[in-house]
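Text of target_27.txt, listed as compact mmCIF, C-alpha atoms:
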```
# COMPACT_ATOMS: atom_id res chain seq x y z
CA CYS D 82 -23.14 -5.38 -64.54
CA PHE D 83 -25.95 -2.89 -63.93
CA LYS D 84 -25.33 -0.06 -61.49
CA ALA D 85 -26.97 -0.87 -58.18
CA GLU D 86 -27.77 2.75 -57.35
CA ASN D 87 -30.03 2.84 -60.42
CA GLY D 88 -31.69 -0.52 -59.83
CA SER D 89 -35.16 0.99 -60.16
CA ARG D 90 -34.41 2.20 -63.71
CA GLU D 91 -33.80 0.26 -66.87
CA GLN D 92 -30.28 0.46 -68.22
CA LEU D 93 -28.83 -0.66 -71.53
CA LEU D 94 -25.31 -1.91 -72.17
CA VAL D 95 -24.06 -2.28 -75.74
CA ALA D 96 -20.90 -4.31 -76.24
CA HIS D 97 -19.25 -3.84 -79.64
CA VAL D 98 -17.16 -6.78 -80.81
CA ASP D 99 -14.69 -7.35 -83.63
CA SER D 100 -14.78 -10.20 -86.13
CA GLY D 101 -13.11 -12.48 -83.56
CA ALA D 102 -15.89 -11.74 -81.03
CA ARG D 103 -13.48 -9.72 -78.86
CA CYS D 104 -15.01 -6.77 -77.05
CA ILE D 105 -13.68 -3.48 -78.43
CA HIS D 106 -16.06 -0.97 -76.83
CA VAL D 107 -18.91 -0.86 -74.29
CA GLU D 108 -21.48 1.90 -74.09
CA HIS D 109 -23.94 2.44 -71.21
CA TYR D 110 -27.35 4.14 -71.54
CA GLN D 111 -29.76 5.16 -68.76
CA GLY D 112 -33.47 4.57 -69.13
CA GLU D 113 -36.62 5.16 -67.15
CA SER D 114 -38.41 2.99 -64.61
CA ALA D 115 -40.16 0.87 -67.24
CA SER D 116 -38.19 1.41 -70.44
CA VAL D 117 -34.88 2.19 -72.05
CA ALA D 118 -34.58 3.37 -75.61
CA ILE D 119 -32.29 1.59 -78.02
CA PRO D 120 -30.48 4.51 -79.69
CA VAL D 121 -30.22 2.97 -83.16
CA ARG D 122 -28.39 5.90 -84.80
CA LYS D 123 -25.82 6.13 -82.02
CA ILE D 124 -25.16 2.38 -81.99
CA VAL D 125 -24.77 2.24 -85.78
CA ALA D 126 -22.52 5.33 -85.75
CA ASP D 127 -20.37 3.80 -82.98
CA ALA D 128 -20.18 0.53 -84.92
CA ALA D 129 -18.92 2.36 -88.01
CA ARG D 130 -16.42 4.35 -85.91
CA PHE D 131 -15.04 1.29 -84.09
CA GLY D 132 -15.29 -1.10 -87.02
CA SER D 133 -17.60 -3.40 -85.06
CA ALA D 134 -18.58 -6.70 -86.62
CA GLY D 135 -21.37 -7.19 -84.12
CA VAL D 136 -23.00 -6.02 -80.91
CA VAL D 137 -24.44 -7.69 -77.85
CA LEU D 138 -27.20 -5.76 -76.11
CA ALA D 139 -28.07 -6.26 -72.45
CA HIS D 140 -30.63 -4.48 -70.35
CA ASN D 141 -32.42 -4.99 -67.08
CA HIS D 142 -36.07 -5.15 -66.11
CA PRO D 143 -36.38 -3.74 -62.57
CA SER D 144 -39.71 -5.59 -62.26
CA GLY D 145 -37.76 -8.85 -62.03
CA ASP D 146 -39.44 -10.34 -65.12
CA CYS D 147 -36.80 -11.14 -67.73
CA THR D 148 -39.31 -11.82 -70.50
CA PRO D 149 -38.67 -9.58 -73.54
CA SER D 150 -41.47 -7.10 -74.11
CA ALA D 151 -42.98 -6.41 -77.51
CA SER D 152 -41.12 -3.08 -77.57
CA ASP D 153 -37.84 -4.88 -76.72
CA TYR D 154 -38.36 -7.14 -79.72
CA GLN D 155 -39.42 -4.33 -82.07
CA ALA D 156 -36.48 -2.10 -81.12
CA THR D 157 -34.02 -4.98 -81.50
CA ARG D 158 -35.41 -5.81 -84.95
CA LYS D 159 -35.17 -2.13 -85.94
CA LEU D 160 -31.49 -2.10 -84.93
CA ALA D 161 -30.90 -5.36 -86.82
CA ARG D 162 -32.39 -3.87 -89.99
CA ALA D 163 -30.28 -0.71 -89.66
CA GLY D 164 -27.16 -2.77 -88.93
CA GLU D 165 -27.59 -4.78 -92.12
CA ALA D 166 -26.52 -1.71 -94.14
CA ILE D 167 -23.04 -1.86 -92.61
CA ASP D 168 -22.83 -5.63 -92.03
CA LEU D 169 -23.34 -5.24 -88.29
CA ALA D 170 -24.66 -8.41 -86.64
CA ILE D 171 -26.87 -8.32 -83.56
CA LEU D 172 -25.36 -11.30 -81.74
CA ASP D 173 -27.78 -11.31 -78.82
CA HIS D 174 -30.03 -9.20 -76.66
CA LEU D 175 -29.93 -10.30 -73.04
CA ILE D 176 -32.62 -9.22 -70.60
CA PHE D 177 -31.93 -9.47 -66.89
CA GLY D 178 -34.71 -9.62 -64.31
CA GLY D 179 -33.55 -10.24 -60.76
CA ARG D 180 -31.37 -13.37 -60.87
CA ASP D 181 -32.82 -14.57 -64.19
CA CYS D 182 -31.76 -13.78 -67.74
CA SER D 183 -33.42 -14.25 -71.14
CA SER D 184 -31.52 -14.49 -74.40
CA MET D 185 -33.42 -13.32 -77.45
CA ARG D 186 -31.03 -15.44 -79.56
CA ARG D 187 -31.84 -18.61 -77.61
CA MET D 188 -35.54 -17.81 -77.78
CA GLY D 189 -35.28 -17.68 -81.59
CA LEU D 190 -36.13 -13.97 -81.73
CA LEU D 191 -32.94 -13.02 -83.60
```
Have the structure of the file written as structure tokens, please.
Amino acid sequence: CFKAENGSREQLLVAHVDSGARCIHVEHYQGESASVAIPVRKIVADAARFGSAGVVLAHNHPSGDCTPSASDYQATRKLARAGEAIDLAILDHLIFGGRDCSSMRRMGLL
């Protein structure tokens, strides 16, 4: 799901879903070697435009460690707080590292 030619950079995918959890839009953002920003304003604006009920975030860690960083957690919480204003649910934030994947929802971080 992440572009192989940019495997040394973090990338963020944001899947917008409707109230039936059907994907209605996917947005892709490029990051740097050790980080990718979560563009809160853009995601909230897209959610309002598409009528999203929720979003699923997914990004990669080129290091191979799929453990969420403190900044991953803080940025996800910031988006969750902003989404509350328009009833936008953050369904999960998946972090891929090599062949492994962490789910912030399963870890109890959402």
Centre and size of axis-aligned box enclosing stretch 124-127 of chain D plus 3 Å each side, as AutoDock Vina command-line options:
```
--center_x -22.8 --center_y 3.8 --center_z -83.9 --size_x 10.8 --size_y 9.1 --size_z 9.8
```
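Every protein or nucleic acid residue with an atom no more than 8 Å from D:Pro143, counting all atoms listed in the file and leaving out same-chain residues fewer than 6 positions away, appears here: D:Gly88, D:Ser89, D:Arg90, D:Glu91, D:Ser114, D:Ala115, D:Gly178, D:Gly179.
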Could you turn the residues from that selection into a file that holds C-alpha atoms, as a PDB file, keeping the file's coordinate frame?
```
ATOM      1  CA  GLY D  88     -31.690  -0.520 -59.830  1.00  0.00           C
ATOM      2  CA  SER D  89     -35.160   0.990 -60.160  1.00  0.00           C
ATOM      3  CA  ARG D  90     -34.410   2.200 -63.710  1.00  0.00           C
ATOM      4  CA  GLU D  91     -33.800   0.260 -66.870  1.00  0.00           C
ATOM      5  CA  SER D 114     -38.410   2.990 -64.610  1.00  0.00           C
ATOM      6  CA  ALA D 115     -40.160   0.870 -67.240  1.00  0.00           C
ATOM      7  CA  GLY D 178     -34.710  -9.620 -64.310  1.00  0.00           C
ATOM      8  CA  GLY D 179     -33.550 -10.240 -60.760  1.00  0.00           C
TER       9      GLY D 179
END
```
Sorted by chain and rising residue number, list the residues of stretch 122-145 of chain D at most 10 Å from stretch 180-188 of chain D (counting all atoms listed in the file), each with its closest atom pair and distance in Å to one decimal, as a Markdown table.
```
| residue | atom | partner | partner_atom | distance |
| --- | --- | --- | --- | --- |
| D:Leu138 | CA | D:Met185 | CA | 9.9 |
| D:Ala139 | CA | D:Ser184 | CA | 9.1 |
| D:His140 | CA | D:Cys182 | CA | 9.7 |
| D:Asn141 | CA | D:Cys182 | CA | 8.8 |
| D:His142 | CA | D:Cys182 | CA | 9.8 |
| D:Gly145 | CA | D:Asp181 | CA | 7.9 |
```
Point to revise | Exercise: D:Asp168 partners within 12 Å, only C-alpha atoms, chain neighbours under 5 positions left out, as a PyMOL selection string | key: chain D and resi 99-100+125+128-129+132-136+160-163
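The space separating atom CA of D:Ile124 from atom CA of D:Val95 comes to 7.9 Å.
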